[in-house]
>>> print(open('upload_23.txt').read())   # compact mmCIF, C-alpha atoms and all ligand atoms
# COMPACT_ATOMS: atom_id res chain seq x y z
CA MET A 1 5.23 -10.25 21.25
CA PRO A 2 2.47 -12.58 20.21
CA THR A 3 1.25 -11.96 16.67
CA GLY A 4 -2.15 -10.28 16.69
CA SER A 5 -1.82 -9.04 20.24
CA THR A 6 -4.11 -6.17 21.10
CA GLU A 7 -2.01 -4.84 23.96
CA LYS A 8 -0.34 -1.51 23.37
CA ILE A 9 3.45 -1.46 23.06
CA PRO A 10 5.07 0.99 25.53
CA PHE A 11 7.09 2.85 22.92
CA GLU A 12 8.13 5.77 25.08
CA LYS A 13 9.50 3.37 27.69
CA LEU A 14 11.48 1.58 24.98
CA TYR A 15 13.01 4.78 23.69
CA GLN A 16 13.78 5.99 27.20
CA GLY A 17 15.67 2.72 27.73
CA GLY A 18 18.24 4.05 25.27
CA GLU A 19 21.06 1.69 24.45
CA LYS A 20 19.93 -0.85 26.97
CA SER A 21 16.84 -1.56 24.96
CA GLY A 22 18.55 -1.27 21.59
CA PRO A 23 17.73 -4.90 20.79
CA LEU A 24 14.10 -4.00 21.42
CA MET A 25 14.21 -1.49 18.60
CA PRO A 26 14.90 -3.57 15.51
CA TRP A 27 13.78 -0.66 13.33
CA ASN A 28 16.66 1.54 14.54
CA ILE A 29 19.02 0.90 11.63
CA GLY A 30 20.65 4.33 11.83
CA GLY A 31 19.49 5.42 8.38
CA PRO A 32 16.48 5.34 6.08
CA GLN A 33 14.94 2.03 5.08
CA PRO A 34 16.46 1.22 1.67
CA ALA A 35 12.96 0.57 0.25
CA VAL A 36 11.80 4.06 1.31
CA ARG A 37 14.92 5.58 -0.18
CA ALA A 38 14.40 3.72 -3.46
CA ILE A 39 10.76 4.84 -3.77
CA CYS A 40 11.81 8.40 -3.03
CA ASP A 41 14.61 8.24 -5.60
CA GLN A 42 12.04 7.08 -8.17
CA GLY A 43 9.85 10.13 -7.43
CA GLY A 44 7.27 8.25 -5.35
CA PHE A 45 6.86 11.01 -2.79
CA ARG A 46 5.39 14.36 -3.74
CA GLY A 47 3.99 17.53 -2.21
CA HIS A 48 3.69 17.78 1.54
CA VAL A 49 4.72 14.43 3.02
CA LEU A 50 3.61 13.10 6.39
CA ASP A 51 5.70 10.41 8.10
CA LEU A 52 3.31 8.76 10.57
CA GLY A 53 4.98 7.04 13.51
CA CYS A 54 8.31 8.41 12.30
CA GLY A 55 10.40 6.86 15.09
CA LEU A 56 13.94 8.21 15.20
CA GLY A 57 13.38 10.26 12.05
CA ASP A 58 15.76 8.65 9.57
CA ASN A 59 13.18 8.19 6.81
CA ALA A 60 11.90 11.75 7.27
CA LEU A 61 15.46 13.03 7.21
CA TYR A 62 16.17 11.32 3.91
CA LEU A 63 12.96 12.57 2.30
CA ALA A 64 13.56 16.13 3.49
CA SER A 65 17.17 16.01 2.33
CA THR A 66 15.90 15.54 -1.23
CA GLY A 67 13.99 18.82 -1.00
CA LEU A 68 10.57 17.47 -0.05
CA ARG A 69 8.43 19.30 2.51
CA VAL A 70 8.14 16.82 5.36
CA SER A 71 6.12 16.64 8.57
CA ALA A 72 6.82 13.79 10.95
CA VAL A 73 4.85 12.62 13.96
CA ASP A 74 5.58 10.18 16.72
CA ILE A 75 4.02 9.52 20.10
CA SER A 76 7.46 9.28 21.71
CA GLU A 77 9.08 12.48 22.87
CA VAL A 78 12.50 10.82 23.05
CA ALA A 79 12.24 9.57 19.46
CA VAL A 80 11.11 12.94 18.14
CA GLN A 81 13.88 14.76 19.99
CA CYS A 82 16.34 12.38 18.36
CA GLY A 83 14.84 13.20 14.95
CA ARG A 84 15.01 16.93 15.66
CA ASP A 85 18.68 16.64 16.61
CA LYS A 86 19.45 14.78 13.39
CA ALA A 87 17.58 17.36 11.30
CA ARG A 88 19.48 20.18 13.00
CA ASP A 89 22.84 18.42 12.60
CA ASN A 90 22.13 17.86 8.91
CA ASP A 91 20.76 21.33 8.36
CA VAL A 92 17.46 19.95 7.11
CA THR A 93 13.98 21.31 7.90
CA ILE A 94 11.35 18.87 9.14
CA ASP A 95 8.18 19.77 11.00
CA PHE A 96 8.38 17.24 13.85
CA GLN A 97 5.52 16.81 16.29
CA VAL A 98 5.19 14.73 19.42
CA ALA A 99 1.61 13.51 19.19
CA ASP A 100 -0.65 10.52 19.12
CA ALA A 101 -1.25 10.11 15.38
CA PHE A 102 -4.98 9.92 16.00
CA SER A 103 -4.98 13.41 17.51
CA LEU A 104 -3.99 14.81 14.10
CA ALA A 105 -7.53 14.23 12.86
CA THR A 106 -8.58 17.58 14.33
CA SER A 107 -5.43 19.46 13.27
CA GLY A 108 -6.88 20.66 9.96
CA ALA A 109 -3.60 19.79 8.22
CA ARG A 110 -3.71 18.02 4.83
CA TYR A 111 -0.96 16.05 3.12
CA ASP A 112 -0.17 14.82 -0.40
CA THR A 113 1.82 11.71 0.49
CA VAL A 114 1.72 9.65 3.67
CA LEU A 115 4.54 7.33 4.66
CA ASP A 116 3.76 4.60 7.15
CA SER A 117 6.91 2.62 7.78
CA ALA A 118 6.08 -0.14 10.25
CA PHE A 119 3.57 1.94 12.23
CA PHE A 120 0.29 0.38 11.02
CA HIS A 121 1.26 -3.10 12.23
CA THR A 122 1.93 -1.82 15.75
CA LEU A 123 -1.74 -0.86 16.06
CA PRO A 124 -4.20 -3.37 17.45
CA ALA A 125 -6.53 -4.77 14.78
CA GLU A 126 -9.50 -2.94 16.28
CA ASP A 127 -7.81 0.41 15.49
CA VAL A 128 -7.81 -0.26 11.72
CA PRO A 129 -11.12 1.56 11.03
CA ARG A 130 -9.90 4.55 13.08
CA TYR A 131 -6.66 4.50 11.14
CA THR A 132 -8.31 4.53 7.70
CA GLU A 133 -10.64 7.30 8.86
CA LEU A 134 -7.61 9.25 10.06
CA LEU A 135 -5.92 8.93 6.68
CA ARG A 136 -9.06 10.08 4.89
CA THR A 137 -9.15 13.17 7.10
CA LEU A 138 -5.47 13.97 6.67
CA CYS A 139 -5.20 13.51 2.92
CA ASN A 140 -5.72 15.85 0.00
CA GLU A 141 -7.56 14.55 -3.08
CA ASP A 142 -5.29 12.18 -5.03
CA ALA A 143 -3.01 11.76 -2.03
CA GLU A 144 -0.66 8.80 -2.13
CA LEU A 145 0.10 6.30 0.57
CA HIS A 146 3.19 4.16 0.98
CA LEU A 147 2.57 1.69 3.76
CA PHE A 148 4.99 -0.97 4.97
CA THR A 149 3.56 -3.68 7.19
CA PHE A 150 4.67 -7.06 8.41
CA SER A 151 2.82 -9.74 6.59
CA LYS A 152 1.01 -12.95 7.45
CA GLU A 153 2.02 -14.47 4.14
CA LEU A 154 5.70 -13.49 4.04
CA THR A 155 6.99 -13.96 7.59
CA PRO A 156 4.35 -15.81 9.58
CA ASP A 157 6.96 -17.43 11.83
CA TYR A 158 8.86 -14.30 12.89
CA PRO A 159 8.34 -12.93 16.36
CA GLY A 160 7.29 -9.28 16.49
CA PRO A 161 4.16 -7.21 16.05
CA ARG A 162 0.86 -7.96 14.33
CA ARG A 163 0.98 -9.59 10.91
CA VAL A 164 -1.34 -8.27 8.21
CA SER A 165 -2.45 -10.31 5.21
CA GLU A 166 -2.94 -9.02 1.67
CA PRO A 167 -6.73 -9.64 1.85
CA GLU A 168 -6.82 -7.67 5.12
CA LEU A 169 -5.06 -4.76 3.43
CA ARG A 170 -7.47 -4.84 0.50
CA ASP A 171 -10.40 -5.08 2.87
CA ALA A 172 -9.25 -2.15 5.00
CA PHE A 173 -8.17 0.21 2.20
CA GLY A 174 -9.79 -0.94 -1.05
CA ALA A 175 -13.03 1.05 -0.73
CA GLU A 176 -11.34 4.43 -0.39
CA TRP A 177 -7.95 3.86 -1.92
CA ASP A 178 -7.04 2.75 -5.40
CA ILE A 179 -4.47 0.13 -4.49
CA LYS A 180 -1.76 0.31 -7.13
CA VAL A 181 0.39 -2.47 -5.76
CA ILE A 182 0.92 -4.71 -2.78
CA GLU A 183 4.39 -6.12 -3.20
CA ALA A 184 6.96 -7.92 -1.13
CA THR A 185 9.89 -5.72 -0.30
CA ARG A 186 12.78 -5.86 2.13
CA TYR A 187 12.72 -4.42 5.63
CA HIS A 188 16.11 -4.03 7.26
CA SER A 189 16.58 -4.58 10.98
CA SER A 190 19.28 -3.83 13.51
CA LEU A 191 19.24 -7.41 14.80
CA PRO A 192 21.43 -10.42 14.02
CA PRO A 193 19.59 -13.75 13.55
CA GLU A 194 20.25 -14.94 17.10
CA ALA A 195 18.54 -11.83 18.47
CA VAL A 196 15.56 -12.23 16.17
CA SER A 197 15.04 -15.79 17.30
CA ARG A 198 15.18 -14.61 20.92
CA MET A 199 13.07 -11.50 20.45
CA VAL A 200 12.00 -9.85 23.66
CA ASP A 201 8.41 -8.79 24.23
CA PRO A 202 8.70 -5.05 24.98
CA ARG A 203 5.74 -5.20 27.34
CA THR A 204 7.15 -7.90 29.61
CA PHE A 205 10.86 -7.73 28.73
CA GLU A 206 10.77 -11.50 28.47
CA VAL A 207 11.80 -13.62 25.53
CA ASP A 208 8.78 -14.22 23.34
CA ALA A 209 8.44 -17.79 22.06
CA PRO A 210 12.06 -18.57 21.04
CA THR A 211 12.16 -19.61 17.41
CA ASP A 212 15.19 -21.51 16.16
CA ASN A 213 13.70 -22.46 12.84
CA LEU A 214 12.75 -19.20 11.25
CA ALA A 215 12.09 -19.41 7.54
CA GLU A 216 15.06 -18.67 5.35
CA GLN A 217 16.58 -15.40 6.47
CA MET A 218 18.30 -12.73 4.47
CA ILE A 219 21.25 -11.08 6.15
CA ASP A 220 22.68 -7.69 5.28
CA GLU A 221 26.35 -6.69 5.11
CA ALA A 222 26.38 -5.87 8.83
CA GLY A 223 25.10 -9.36 9.66
CA ASN A 224 21.58 -8.20 10.55
CA VAL A 225 18.31 -9.77 9.50
CA VAL A 226 16.42 -8.41 6.53
CA SER A 227 12.85 -9.63 6.38
CA TRP A 228 10.13 -9.50 3.78
CA ILE A 229 7.38 -6.97 4.35
CA TRP A 230 4.37 -5.78 2.34
CA HIS A 231 4.71 -2.44 0.61
CA MET A 232 1.31 -1.09 -0.36
CA HIS A 233 1.15 1.89 -2.70
CA ALA A 234 -2.31 3.41 -3.00
CA VAL A 235 -3.91 6.61 -4.29
CA LEU A 236 -6.91 8.13 -2.55
CA ARG A 237 -9.99 7.80 -4.75
CA PRO A 238 -12.00 10.91 -5.57
CA GLN A 239 -14.71 11.29 -2.94
CA GLU A 240 -17.59 10.48 -5.31
CA THR A 241 -16.06 7.14 -6.32
CA ARG A 242 -15.37 5.86 -2.83
CA SER A 243 -17.59 2.97 -1.88
CA GLU A 244 -18.72 1.16 1.25
CA THR A 245 -17.11 -2.07 0.12
CA PRO A 246 -13.56 -2.75 -1.02
CA ALA A 247 -13.03 -2.57 -4.78
C1 LIG A 301 8.16 0.04 14.60
S1 LIG A 301 8.42 1.73 14.93
C2 LIG A 301 8.77 2.35 13.29
C3 LIG A 301 9.48 3.67 13.32
C4 LIG A 301 9.83 4.28 11.95
N1 LIG A 301 8.66 4.56 11.16
C5 LIG A 301 10.79 3.41 11.19
O1 LIG A 301 10.43 2.80 10.19
O2 LIG A 301 11.95 3.33 11.62
C6 LIG A 301 6.76 2.33 15.21
C7 LIG A 301 6.71 3.77 15.69
O3 LIG A 301 5.35 4.18 15.83
C8 LIG A 301 5.25 5.04 16.96
N2 LIG A 301 3.86 5.04 17.42
C9 LIG A 301 3.17 4.00 17.97
N3 LIG A 301 1.89 4.37 18.25
C10 LIG A 301 1.78 5.67 17.86
C11 LIG A 301 0.71 6.59 17.85
N4 LIG A 301 -0.50 6.26 18.33
N5 LIG A 301 0.92 7.83 17.35
C12 LIG A 301 2.16 8.18 16.86
N6 LIG A 301 3.21 7.33 16.85
C13 LIG A 301 3.03 6.09 17.33
C14 LIG A 301 6.22 4.44 17.95
O4 LIG A 301 6.62 5.36 18.95
C15 LIG A 301 7.36 4.02 17.03
O5 LIG A 301 8.33 5.04 16.92
>>> encode(input="upload_23.txt", output="C-alpha cells")
Amino acid sequence: MPTGSTEKIPFEKLYQGGEKSGPLMPWNIGGPQPAVRAICDQGGFRGHVLDLGCGLGDNALYLASTGLRVSAVDISEVAVQCGRDKARDNDVTIDFQVADAFSLATSGARYDTVLDSAFFHTLPAEDVPRYTELLRTLCNEDAELHLFTFSKELTPDYPGPRRVSEPELRDAFGAEWDIKVIEATRYHSSLPPEAVSRMVDPRTFEVDAPTDNLAEQMIDEAGNVVSWIWHMHAVLRPQETRSETPA
C-alpha cells in the first residue's frame, strides 16, 4: 500500500480471509514480537497494561503470562476471538475488547503502560492528534508508552503502511511525553523476501509497486523478513509540565 496513504485498511476483511490472506498479515508471526518480549523481560511493562490494536493477541498473551494485568483492544472481531481462544487455551486472563480504539476515550478506564505494536502506523497521518489525545485520556500519571512504528529513516523502500520519521514522533509526542528513547529495533514478519517484494495492497488485493531491490534484509531462522522499526519509549509528563510545543 502506498506509503503515507490516508485510506483505511479493511482489517476485519483481512482477518475474515483467514489463511487465504495470510500473506496479507505479515504481523501474524504466531507468537509475541521478540522486541516486546525482551522489554517485558527487562521489566518495561508495569501496572495495568493496554495493548492497543492487539491483533491476534500474541503480545498480550505473553505479557499476561508473566503475571501482568492486561487489557487488549482491536477493531476486528475475528482477531479478538482468536486472542480470546489463545488466552483460554493457555489459561491466561486478558480483558479483550472488540472496539475502535478511539471509542475507549469515553470508557473511563486508565492504564499504566500502553503497548502499540504496529498500530500507530496503520492510522492515517490526520489521525495523529486524535491518537495522542486518546493516549492522554487513557493514561494514569507517569504512564509509560512502548510504541513500535515503521520508519521513514530505517525502511523507506519497503512496501507496507505509513512510515513515520523520528522528527514526526518527537513532534507528535514530545510536548506531553518525556521521550526516553527512540531506537531502531527488529520487527519480525511472517513473510519471506519474495513475498515482501510483491506485497499486496489489502484494499485492492493487487501487488503494490513490486520492489526487487529492497535495502539489505535480515532473515530469521524460518526464512522470513525481519525489518528495522522505531521503538519509542516515553513516560507521560505530569500535567503541569506538559507544553503546547514539543520538548
Ligand atoms: C499491523 S496490525 C498489528 C497487530 C498487533 N499489534 C501485532 O503487533 O501483531 C494492526 C492492528 O490494528 C488494528 N486496528 C486498526 N485500526 C484500529 C482501530 N481504529 N481500533 C482498534 N484496532 C485497530 C487492526 O485490526 C490490526 O489488528
>>> closest_residue(input="upload_23.txt", among="A:Ile219, A:Gln42, A:Ala35, A:Ile229", to="Glu153 in chain A", atoms="only C-alpha atoms")
A:Ile229
>>> closest_atom_pairs(input="upload_23.txt", of="chain A", to="ligand LIG 301 (chain A)", cutoff="7 Å", atoms="only C-alpha atoms and all ligand atoms", output="CSV")
residue,atom,partner,partner_atom,distance
A:Phe11,CA,A:LIG301,O4,4.7
A:Glu12,CA,A:LIG301,O4,6.3
A:Trp27,CA,A:LIG301,O2,4.7
A:Asn28,CA,A:LIG301,O2,5.8
A:Gln33,CA,A:LIG301,O1,6.9
A:Leu52,CA,A:LIG301,C12,6.4
A:Gly53,CA,A:LIG301,O3,3.7
A:Cys54,CA,A:LIG301,N1,4.0
A:Gly55,CA,A:LIG301,O5,3.3
A:Leu56,CA,A:LIG301,O2,6.4
A:Gly57,CA,A:LIG301,C4,7.0
A:Asp58,CA,A:LIG301,O2,6.9
A:Asn59,CA,A:LIG301,C5,6.9
A:Val73,CA,A:LIG301,C12,5.9
A:Asp74,CA,A:LIG301,N6,3.7
A:Ile75,CA,A:LIG301,C12,4.0
A:Ser76,CA,A:LIG301,O4,4.9
A:Ala79,CA,A:LIG301,O5,6.5
A:Ala99,CA,A:LIG301,C12,5.8
A:Asp100,CA,A:LIG301,N5,3.6
A:Ala101,CA,A:LIG301,N5,3.7
A:Phe102,CA,A:LIG301,N4,6.2
A:Asp116,CA,A:LIG301,N1,6.3
A:Ser117,CA,A:LIG301,O1,4.3
A:Ala118,CA,A:LIG301,C2,4.8
A:Phe119,CA,A:LIG301,C6,4.4
A:Thr122,CA,A:LIG301,C9,6.4
A:Leu123,CA,A:LIG301,N3,6.7
>>> closest_atom_pairs(input="upload_23.txt", of="range 73-171 of chain A", to="range 225-228 of chain A", cutoff="12 Å", atoms="only C-alpha atoms", output="JSON lines")
{"residue": "A:Phe148", "atom": "CA", "partner": "A:Trp228", "partner_atom": "CA", "distance": 10.0}
{"residue": "A:Thr149", "atom": "CA", "partner": "A:Trp228", "partner_atom": "CA", "distance": 9.4}
{"residue": "A:Phe150", "atom": "CA", "partner": "A:Trp228", "partner_atom": "CA", "distance": 7.6}
{"residue": "A:Ser151", "atom": "CA", "partner": "A:Trp228", "partner_atom": "CA", "distance": 7.8}
{"residue": "A:Lys152", "atom": "CA", "partner": "A:Trp228", "partner_atom": "CA", "distance": 10.4}
{"residue": "A:Glu153", "atom": "CA", "partner": "A:Trp228", "partner_atom": "CA", "distance": 9.5}
{"residue": "A:Leu154", "atom": "CA", "partner": "A:Trp228", "partner_atom": "CA", "distance": 6.0}
{"residue": "A:Thr155", "atom": "CA", "partner": "A:Trp228", "partner_atom": "CA", "distance": 6.7}
{"residue": "A:Pro156", "atom": "CA", "partner": "A:Trp228", "partner_atom": "CA", "distance": 10.3}
{"residue": "A:Asp157", "atom": "CA", "partner": "A:Ser227", "partner_atom": "CA", "distance": 11.2}
{"residue": "A:Tyr158", "atom": "CA", "partner": "A:Ser227", "partner_atom": "CA", "distance": 9.0}
{"residue": "A:Pro159", "atom": "CA", "partner": "A:Ser227", "partner_atom": "CA", "distance": 11.4}
{"residue": "A:Gly160", "atom": "CA", "partner": "A:Ser227", "partner_atom": "CA", "distance": 11.5}
{"residue": "A:Arg163", "atom": "CA", "partner": "A:Trp228", "partner_atom": "CA", "distance": 11.6}
>>> residues_around(input="upload_23.txt", residues="range 127-138 of chain A", least_positions_apart="3", cutoff="9 Å", atoms="all atoms listed in the file", output="ChimeraX atom specification")
/A:101-112,114,120,123-124,145,172-173,176,236
>>> residues_around(input="upload_23.txt", residues="Arg170 in chain A", least_positions_apart="2", cutoff="10 Å", atoms="only C-alpha atoms", output="NGL selection string")
:A and (165-168 or 172-175 or 177-179 or 182 or 232 or 246-247)
>>> atom_distance(input="upload_23.txt", atom1="CA of Asn140 in chain A", atom2="CA of Thr113 in chain A")
8.6 Å
>>> closest_residue(input="upload_23.txt", among="A:Lys86, A:His188, A:His121, A:Lys8", to="Ala60 in chain A", atoms="all atoms listed in the file")
A:Lys86
>>> closest_residue(input="upload_23.txt", among="A:Pro26, A:Gly31, A:Pro10, A:Gly67", to="Leu191 in chain A", atoms="all atoms listed in the file")
A:Pro26
>>> closest_residue(input="upload_23.txt", among="A:Pro32, A:Pro238, A:Pro193, A:Gly44", to="Tyr62 in chain A", atoms="only C-alpha atoms")
A:Pro32
>>> atom_distance(input="upload_23.txt", atom1="CA of Val164 in chain A", atom2="CA of Tyr15 in chain A")
24.8 Å
>>> closest_residue(input="upload_23.txt", among="A:Asp95, A:Asp142, A:Glu77, A:Asp89", to="Ala64 in chain A", atoms="all atoms listed in the file")
A:Asp95
>>> residues_around(input="upload_23.txt", residues="Lys180 in chain A", least_positions_apart="6", cutoff="9 Å", atoms="only C-alpha atoms", output="JSON, numbers by chain")
{"A": [232, 233, 234, 235]}
>>> residues_around(input="upload_23.txt", residues="Arg69 in chain A", least_positions_apart="2", cutoff="10 Å", atoms="only C-alpha atoms", output="number ranges by chain")
A: 45-50, 60, 63-67, 71, 93-95, 111
>>> residues_near_point(input="upload_23.txt", point="(5.0, -5.8, -2.3)", cutoff="6 Å", atoms="only C-alpha atoms", output="list in words")
Ile182, Glu183, Ala184, Thr185, Trp230 and His231 of chain A
>>> write_last_selection(input="upload_23.txt", atoms="C-alpha atoms", output="short mmCIF file (atom, residue, chain, number, x, y, z; two decimals), keeping the file's coordinate frame")
data_model
loop_
_atom_site.label_atom_id
_atom_site.label_comp_id
_atom_site.auth_asym_id
_atom_site.auth_seq_id
_atom_site.Cartn_x
_atom_site.Cartn_y
_atom_site.Cartn_z
CA ILE A 182 0.92 -4.71 -2.78
CA GLU A 183 4.39 -6.12 -3.20
CA ALA A 184 6.96 -7.92 -1.13
CA THR A 185 9.89 -5.72 -0.30
CA TRP A 230 4.37 -5.78 2.34
CA HIS A 231 4.71 -2.44 0.61
#
>>> closest_residue(input="upload_23.txt", among="A:Thr241, A:Arg162, A:Gln217, A:Val70", to="Val196 in chain A", atoms="all atoms listed in the file")
A:Gln217
>>> atom_distance(input="upload_23.txt", atom1="CA of Arg242 in chain A", atom2="CA of Glu141 in chain A")
11.7 Å
